[in-house]
Amino acid sequence: MAKQDFYDILGVSKSADADELKRAYRKLAMQFHPDRNAGDKTAEQKFKDINEAYDVLKDDQKRAAYDRFGHAAFENGSRGPGDFPFGGGFSGGFADIFEEMFGAMGGRRSQAGPARGSDLRYNLEVSLEDAFRGKQTTIRVATFAQCDTCKGNGAEPGTRPATCRTCQGHGRVRAQQGFFTIERTCPTCQGSGQTIDKPCRACGGQGRLRREKTLSVNIPPGVEDGTRIRLAGEGEAGQHGAAAGDLYIFVSIAQHPIFQRDGANIFCRVPIPITTAALGGSIEVPTVEGNRTRVTVPPGTQSGHQFRLRGKGMTVLRSNLRGDMYIHAIVETPTNLSKRQQELLREFEKEGENRKTNPESEGFFARVKEFFEDLRE
């Protein structure tokens, strides 16, 4: 029985370009794929014919031979596309389409070479004052560093790694399983693409050693809690000379005994003597840069009142601006009063009975009175 013309099988003209061939093959291969036509022998044969036709026509040299000699170009003992068993045909045309659709699962080769070193994390706590000013500090990190003896290649000095014979330096090997070509890491070289006959005695052929290294870290002014600083190439060195990973420093701000931070603003709770709050005066408060500043307290200041000091807060990251500082007044009730102080307070209370010196408490109890009156109605 005469074999059908390859162009007719794919339904394209002899002038069809590579894109037309691929589109036609994609459509037919998906239509007649055995997974979609389980048990259908006709579809199975059709799929084999489609795969055979595309395997020839997608290759410029095979296509030229076919256009000149037809099917005879692959007969007379020559191993042509029709001579492989059904499963082997997948490694030809359909594998290309499958790679395009599903990536490495269809057999796409990965780049050879050992894997990049792991990234590292370092938690760094700084004081609020250091976060305000910025700081140059040093940290010590336990990591894998490049072996100085073999310069990272893992081979004993005077020797060199050889190309892996199993994967030919690709770091990956392929195996045919039914319709699929499975790719996995080379078991001989573990993906590095190289083998070492004489491993370095210092590092055992790894190309790296566990050691502690000291790094300088720049903490910028205005750094906030949770800020991440990346030091490129300061993570673990990769095996067999592969690139090192990165070091990520996560900054946290230590709790301060006086100040509380909210973004660029600083808050400070300051106790104020009852006499200063009642009569007015001034208080001296600290600032985050380590200085002192005076705050005027007007007469009758109530507990909870806030004083705003513009430009006395935190440095804004990567800016010349500063936030504000808020003084939260806490009017302090005196304790351990002497007998004379108690007498004076009683006189004060008696003197103020008709002068309404406590507007907040008077207003509150007036509302309480109205509340109970409403309940009785």
# chains A, B, ... in the order shown; residues from 1 in each chain; ligands from 1
>>> residues_around(residues="Val331 (chain A)", least_positions_apart="5", cutoff="12 Å", atoms="only C-alpha atoms", output="PyMOL selection string")
chain A and resi 269-278+280+297+300-306
>>> select_by_dssp(residues="region 213-339 of chain A", states="strand (DSSP E or B)", output="ChimeraX atom specification")
/A:213-219,228-231,247-253,259-262,265-273,281-286,292-297,306-309,315,322,325-332
>>> closest_residue(among="A:Ile50, A:Leu120, A:Ile249, A:Val173", to="Ile139 (chain A)", atoms="only C-alpha atoms")
A:Ile249
>>> residues_around(residues="region 14-27 of chain A", least_positions_apart="2", cutoff="7 Å", atoms="only C-alpha atoms", output="list in words")
Tyr7, Leu10, Val12, Ala29, Met30, Gln31, Tyr54, Lys58 and Ile97 of chain A
>>> select_by_dssp(residues="region 48-290 of chain A", states="alpha helix (DSSP H)", output="ChimeraX atom specification")
/A:48-57,60-69,93-102,128-133,274-279
>>> atom_distance(atom1="CA of Arg308 (chain A)", atom2="CA of Met325 (chain A)")
5.9 Å
>>> closest_residue(among="A:Ala38, A:Ile219, A:Ala53, A:Cys268", to="Phe6 (chain A)", atoms="only C-alpha atoms")
A:Ala53
